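**Student:** Just protein11.txt, nothing more (compact mmCIF, C-alpha atoms and all ligand atoms):
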# COMPACT_ATOMS: atom_id res chain seq x y z
CA MET P 1 207.89 30.79 -27.50
CA SER P 2 206.62 33.08 -24.71
CA THR P 3 208.85 34.92 -22.25
CA GLY P 4 208.17 36.08 -18.70
CA LYS P 5 207.74 39.63 -19.98
CA SER P 6 205.31 38.68 -22.77
CA VAL P 7 203.23 36.62 -20.32
CA ILE P 8 203.02 39.48 -17.79
CA ASP P 9 202.13 42.03 -20.50
CA SER P 10 199.45 39.83 -22.03
CA ALA P 11 197.95 38.92 -18.61
CA LYS P 12 197.74 42.61 -17.65
CA LYS P 13 196.05 43.40 -20.96
CA GLN P 14 193.49 40.69 -20.22
CA GLY P 15 192.81 42.17 -16.78
CA ALA P 16 194.35 39.38 -14.68
CA LYS P 17 194.30 40.18 -10.95
CA MET P 18 195.70 36.90 -9.60
CA VAL P 19 198.21 34.25 -10.67
CA ASP P 20 197.49 30.58 -10.05
CA VAL P 21 200.74 28.66 -9.67
CA LYS P 22 200.33 24.98 -10.56
CA PHE P 23 202.53 21.86 -10.44
CA VAL P 24 201.95 18.10 -10.58
CA ASP P 25 202.65 15.86 -7.59
CA THR P 26 204.18 12.40 -7.93
CA PHE P 27 200.72 10.78 -7.99
CA GLY P 28 199.55 12.97 -10.88
CA THR P 29 197.36 15.47 -9.01
CA TRP P 30 197.57 19.09 -10.09
CA GLN P 31 198.42 21.19 -6.99
CA HIS P 32 198.18 24.97 -6.78
CA PHE P 33 198.53 28.17 -4.81
CA SER P 34 197.69 31.73 -5.88
CA VAL P 35 199.43 35.10 -5.60
CA PRO P 36 198.32 38.63 -6.54
CA MET P 37 199.42 39.80 -10.00
CA GLY P 38 201.91 42.24 -8.38
CA GLU P 39 203.97 39.26 -7.12
CA LEU P 40 204.65 38.11 -10.69
CA THR P 41 207.81 39.83 -11.90
CA GLU P 42 210.20 38.84 -14.68
CA GLU P 43 212.67 37.71 -11.97
CA VAL P 44 210.17 35.12 -10.71
CA PHE P 45 210.57 33.24 -14.00
CA GLU P 46 214.31 32.89 -13.15
CA GLU P 47 214.12 32.61 -9.35
CA GLY P 48 210.84 30.66 -8.90
CA PHE P 49 208.09 30.85 -6.30
CA GLY P 50 209.17 29.47 -2.90
CA PHE P 51 206.77 27.07 -1.17
CA ASP P 52 206.69 24.48 1.62
CA GLY P 53 206.90 20.98 0.11
CA SER P 54 206.52 19.05 3.38
CA SER P 55 202.78 18.41 2.98
CA ILE P 56 203.00 17.24 -0.65
CA ARG P 57 202.72 13.43 -0.48
CA GLY P 58 206.15 11.78 -0.57
CA TRP P 59 208.18 14.95 -1.14
CA LYS P 60 210.06 16.72 1.69
CA SER P 61 210.53 16.35 5.42
CA ILE P 62 209.54 19.29 7.60
CA GLU P 63 213.10 20.40 8.51
CA ALA P 64 214.14 20.71 4.84
CA SER P 65 210.84 21.60 3.22
CA ASP P 66 211.64 24.67 1.08
CA MET P 67 211.18 24.15 -2.65
CA LEU P 68 210.91 26.30 -5.76
CA ALA P 69 208.11 26.27 -8.34
CA MET P 70 209.64 27.51 -11.62
CA PRO P 71 206.87 28.84 -13.90
CA ASP P 72 207.05 27.90 -17.59
CA PRO P 73 205.91 30.93 -19.63
CA ASN P 74 204.73 28.61 -22.43
CA THR P 75 202.00 27.20 -20.15
CA ALA P 76 200.20 30.51 -19.51
CA PHE P 77 196.45 30.79 -19.92
CA ILE P 78 193.62 32.79 -18.33
CA ASP P 79 191.68 30.29 -16.18
CA PRO P 80 188.11 30.20 -17.57
CA PHE P 81 186.71 28.89 -14.25
CA CYS P 82 187.90 31.61 -11.84
CA ALA P 83 185.46 34.34 -10.74
CA VAL P 84 188.29 36.90 -10.79
CA PRO P 85 190.47 36.99 -13.97
CA THR P 86 193.37 34.70 -13.08
CA LEU P 87 196.54 33.84 -14.99
CA SER P 88 197.48 30.16 -14.72
CA LEU P 89 201.13 29.06 -14.90
CA THR P 90 202.37 25.47 -14.74
CA CYS P 91 205.72 24.94 -13.01
CA THR P 92 208.64 22.57 -12.85
CA ILE P 93 210.01 21.99 -9.33
CA ALA P 94 213.56 22.83 -8.26
CA GLU P 95 215.63 22.61 -5.07
CA THR P 96 216.25 25.91 -3.29
CA GLY P 97 219.87 27.09 -3.42
CA THR P 98 221.22 24.82 -6.15
CA LYS P 99 218.09 25.20 -8.36
CA GLU P 100 218.66 21.59 -9.38
CA ALA P 101 215.61 19.81 -10.81
CA TYR P 102 213.69 17.95 -8.08
CA SER P 103 213.93 14.19 -8.66
CA ARG P 104 210.27 13.37 -7.79
CA ASP P 105 208.61 16.08 -9.93
CA PRO P 106 206.87 14.28 -12.85
CA ARG P 107 207.11 17.32 -15.15
CA GLY P 108 210.88 17.47 -14.54
CA ILE P 109 211.15 13.73 -15.16
CA ALA P 110 209.36 14.19 -18.50
CA GLN P 111 211.74 17.03 -19.45
CA ARG P 112 214.76 14.86 -18.59
CA GLY P 113 213.23 11.98 -20.57
CA GLU P 114 213.03 14.18 -23.66
CA LYS P 115 216.66 15.28 -23.20
CA TYR P 116 217.78 11.69 -22.68
CA LEU P 117 216.07 10.56 -25.90
CA LYS P 118 217.98 13.22 -27.84
CA SER P 119 221.26 12.24 -26.15
CA THR P 120 220.88 8.61 -27.25
CA GLY P 121 220.68 9.58 -30.91
CA LEU P 122 217.79 7.12 -31.35
CA ALA P 123 215.42 9.96 -32.31
CA ASP P 124 215.15 13.74 -32.24
CA THR P 125 211.65 13.75 -30.91
CA ALA P 126 208.87 11.42 -29.77
CA VAL P 127 205.19 12.33 -29.82
CA PHE P 128 202.41 11.10 -27.56
CA GLY P 129 198.65 11.10 -28.09
CA PRO P 130 196.37 9.87 -25.30
CA GLU P 131 192.94 8.31 -25.75
CA ALA P 132 191.38 9.82 -22.66
CA GLU P 133 188.01 8.42 -21.57
CA PHE P 134 185.88 9.36 -18.58
CA PHE P 135 182.41 9.11 -17.07
CA ILE P 136 179.94 11.91 -16.38
CA PHE P 137 177.86 10.60 -13.46
CA ASP P 138 174.86 12.25 -11.83
CA ASN P 139 175.77 10.88 -8.40
CA VAL P 140 178.75 9.16 -6.78
CA GLN P 141 178.81 7.75 -3.25
CA TYR P 142 181.27 5.53 -1.42
CA ASP P 143 182.28 4.76 2.13
CA SER P 144 184.59 2.50 4.05
CA LYS P 145 183.86 2.33 7.74
CA SER P 146 184.69 -0.05 10.55
CA ASN P 147 181.24 -1.68 10.18
CA GLY P 148 180.73 -1.75 6.41
CA THR P 149 181.72 -0.53 2.97
CA PHE P 150 180.02 0.33 -0.35
CA TYR P 151 180.25 2.24 -3.61
CA SER P 152 177.39 3.43 -5.81
CA VAL P 153 177.30 5.46 -9.03
CA ASP P 154 174.28 6.68 -10.99
CA SER P 155 173.37 8.26 -14.33
CA GLU P 156 170.12 9.10 -16.11
CA GLU P 157 171.49 7.09 -19.09
CA ALA P 158 172.21 3.97 -17.05
CA ALA P 159 170.88 0.55 -18.03
CA TRP P 160 169.80 -0.06 -14.42
CA ASN P 161 167.35 2.89 -14.53
CA THR P 162 164.85 1.48 -17.09
CA GLY P 163 162.34 0.93 -14.29
CA ARG P 164 162.99 4.10 -12.28
CA ASP P 165 160.09 6.52 -11.85
CA GLU P 166 161.39 9.66 -13.57
CA MET P 167 158.00 11.34 -14.10
CA PRO P 168 158.22 10.53 -16.99
CA ASN P 169 160.88 7.91 -17.82
CA LEU P 170 161.01 7.88 -21.66
CA GLY P 171 162.92 4.61 -21.78
CA TYR P 172 166.05 5.71 -23.67
CA LYS P 173 168.61 3.97 -21.49
CA ILE P 174 171.91 2.62 -22.80
CA ARG P 175 172.20 -1.16 -22.53
CA HIS P 176 175.52 -2.48 -21.23
CA LYS P 177 178.27 -2.08 -23.89
CA GLU P 178 175.90 -0.31 -26.34
CA GLY P 179 177.01 3.30 -25.81
CA TYR P 180 179.25 3.34 -28.92
CA PHE P 181 177.60 5.43 -30.33
CA PRO P 182 173.87 5.93 -31.01
CA VAL P 183 172.59 9.51 -31.53
CA ALA P 184 170.22 11.44 -29.23
CA PRO P 185 167.99 10.83 -27.35
CA THR P 186 170.06 7.78 -26.37
CA ASP P 187 173.17 9.98 -26.16
CA THR P 188 172.24 12.66 -23.60
CA GLN P 189 175.70 14.23 -23.31
CA GLN P 190 176.40 15.64 -26.79
CA ASP P 191 176.11 19.27 -25.67
CA ILE P 192 178.29 19.01 -22.55
CA ARG P 193 181.05 17.18 -24.50
CA THR P 194 180.94 19.90 -27.17
CA GLU P 195 181.12 22.63 -24.52
CA MET P 196 184.17 20.90 -23.03
CA CYS P 197 185.81 20.70 -26.50
CA LEU P 198 185.29 24.41 -27.11
CA VAL P 199 186.72 25.41 -23.71
CA MET P 200 189.76 23.20 -24.39
CA GLU P 201 190.20 24.73 -27.86
CA SER P 202 189.98 28.25 -26.38
CA LEU P 203 192.91 27.24 -24.12
CA GLY P 204 195.04 26.06 -27.04
CA ILE P 205 194.35 22.32 -27.02
CA LYS P 206 193.82 21.02 -30.57
CA VAL P 207 190.74 18.82 -30.17
CA GLU P 208 190.27 16.13 -32.82
CA ARG P 209 186.96 14.46 -31.88
CA GLN P 210 184.40 13.81 -29.17
CA HIS P 211 181.97 10.90 -28.82
CA HIS P 212 180.03 8.76 -26.37
CA GLU P 213 182.00 5.68 -25.34
CA VAL P 214 180.93 2.04 -25.09
CA ALA P 215 179.72 1.81 -21.51
CA THR P 216 176.31 2.76 -20.16
CA ALA P 217 176.02 5.52 -17.52
CA GLY P 218 177.71 8.41 -19.31
CA GLN P 219 181.06 7.16 -20.62
CA ALA P 220 182.70 9.77 -22.87
CA GLU P 221 185.83 10.37 -24.93
CA ILE P 222 187.46 13.57 -26.14
CA ASP P 223 190.62 13.19 -28.24
CA PHE P 224 193.26 15.84 -28.74
CA ARG P 225 196.19 16.01 -31.12
CA PHE P 226 199.52 14.39 -30.27
CA ASP P 227 202.52 16.48 -29.21
CA THR P 228 205.83 16.09 -27.36
CA LEU P 229 205.79 14.32 -23.97
CA VAL P 230 205.84 17.49 -21.81
CA LYS P 231 203.34 19.36 -23.98
CA THR P 232 200.95 16.40 -24.05
CA ALA P 233 201.29 15.92 -20.28
CA ASP P 234 200.53 19.63 -19.70
CA ASN P 235 197.51 19.33 -22.02
CA MET P 236 196.36 16.20 -20.19
CA MET P 237 196.41 18.03 -16.84
CA LEU P 238 194.40 20.86 -18.35
CA TYR P 239 191.99 18.36 -19.92
MG MG P 301 187.93 4.91 -26.67
Would you mind writing the file's structure down as structure tokens?
Ligand SMILES: [Mg+2]

**Tutor:**
Amino acid sequence: MSTGKSVIDSAKKQGAKMVDVKFVDTFGTWQHFSVPMGELTEEVFEEGFGFDGSSIRGWKSIEASDMLAMPDPNTAFIDPFCAVPTLSLTCTIAETGTKEAYSRDPRGIAQRGEKYLKSTGLADTAVFGPEAEFFIFDNVQYDSKSNGTFYSVDSEEAAWNTGRDEMPNLGYKIRHKEGYFPVAPTDTQQDIRTEMCLVMESLGIKVERQHHEVATAGQAEIDFRFDTLVKTADNMMLY
């Protein structure tokens, strides 16, 4: 278990200059704002970061918009994608004044769910393991206008590109539903999936496996080890 003090000490040792403060909105999007390292004191872990919740979809009205983001020291990591060394902290949302958990914060709902399970006596703990699949496309376009609408995705692996002039096209395209899971050169995304696994592992996610998935056009899967609801949800956001 980390504490505010241990997180600050470790971040300073790693040269962090900024802190990225993250939370999840009701629709599941990770939201963030950043503060200089000097703003992160031990008190902040008790008192929270104040922010205006009126522009977060479905949260607060403008005349009562103040909210608190309470950083969880156990979620700390140095963000591998920031140009300047940046400590990332995931937060639970609280009301200002009372510090009561905010009812529409999904992370808070997950924490209350875990407590409720314990209170029922049905179980001490429940674990969750997602099978998360995704596509790596080369191009994505869509539009919806008053005079027309369309979507279009593309991938060098796609079945519909057998006849495309690729100077040269070597013909290794994945037929529909045949992506599970021939080796290279049919699978063109081995290296990027591995790179993703190693970044996740460096951030503390216990990766179990990666592979191409069934569909043509770059469908992928990376599996990570089950954990409690909140921990798995935090991992899923990081994923
Ligand atoms: Mg699958």

**Student:** Compare P:Gly15, P:Gly113, P:Gly179, P:Pro36 by their minimum atom-to-atom distance to Phe135 (chain P), counting all atoms listed in the file, and give me the closest one.

**Tutor:** P:Gly179

**Student:** Give me, as a ChimeraX atom specification, all polymer residues having an atom no more than 6 Å from region 53-69 of chain P, counting all atoms listed in the file and skipping those fewer than 2 positions away in the same chain.

**Tutor:** /P:48-51,91-96

**Student:** Around (189.2, 22.8, -24.4), as given in the file, which residues come within 10 Å? Count all atoms listed in the file and list them as a ChimeraX atom specification.

**Tutor:** /P:193-207,222,224,235,238-239

**Student:** Would you put the residues from that selection into a file with C-alpha atoms, as a short mmCIF file (atom, residue, chain, number, x, y, z; two decimals), in the coordinates of the input?

**Tutor:**
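Final output, saved to result.cif:
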data_model
loop_
_atom_site.label_atom_id
_atom_site.label_comp_id
_atom_site.auth_asym_id
_atom_site.auth_seq_id
_atom_site.Cartn_x
_atom_site.Cartn_y
_atom_site.Cartn_z
CA ARG P 193 181.05 17.18 -24.50
CA THR P 194 180.94 19.90 -27.17
CA GLU P 195 181.12 22.63 -24.52
CA MET P 196 184.17 20.90 -23.03
CA CYS P 197 185.81 20.70 -26.50
CA LEU P 198 185.29 24.41 -27.11
CA VAL P 199 186.72 25.41 -23.71
CA MET P 200 189.76 23.20 -24.39
CA GLU P 201 190.20 24.73 -27.86
CA SER P 202 189.98 28.25 -26.38
CA LEU P 203 192.91 27.24 -24.12
CA GLY P 204 195.04 26.06 -27.04
CA ILE P 205 194.35 22.32 -27.02
CA LYS P 206 193.82 21.02 -30.57
CA VAL P 207 190.74 18.82 -30.17
CA ILE P 222 187.46 13.57 -26.14
CA PHE P 224 193.26 15.84 -28.74
CA ASN P 235 197.51 19.33 -22.02
CA LEU P 238 194.40 20.86 -18.35
CA TYR P 239 191.99 18.36 -19.92
#

**Student:** Taking all atoms listed in the file and a cut-off of 9 Å, can you tell me which residues surround ligand MG 301 (chain P), written as number ranges by chain?

**Tutor:** P: 131-133, 211-214, 220-223

**Student:** Any idea what the distance is between CA of Gln14 (chain P) and CA of Asp227 (chain P)?

**Tutor:**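 Here the two named atoms are 27.4 Å from each other.
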
**Student:** CA of Glu208 (chain P) and CA of Ala76 (chain P), how far apart in Å?

**Tutor:**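 It comes out at 22.0 Å.
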
**Student:** What's the separation between CA of Asp154 (chain P) and CA of Phe81 (chain P), in Å to one decimal place?

**Tutor:**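 Result for CA of Asp154 (chain P) versus CA of Phe81 (chain P): 25.7 Å, one decimal.
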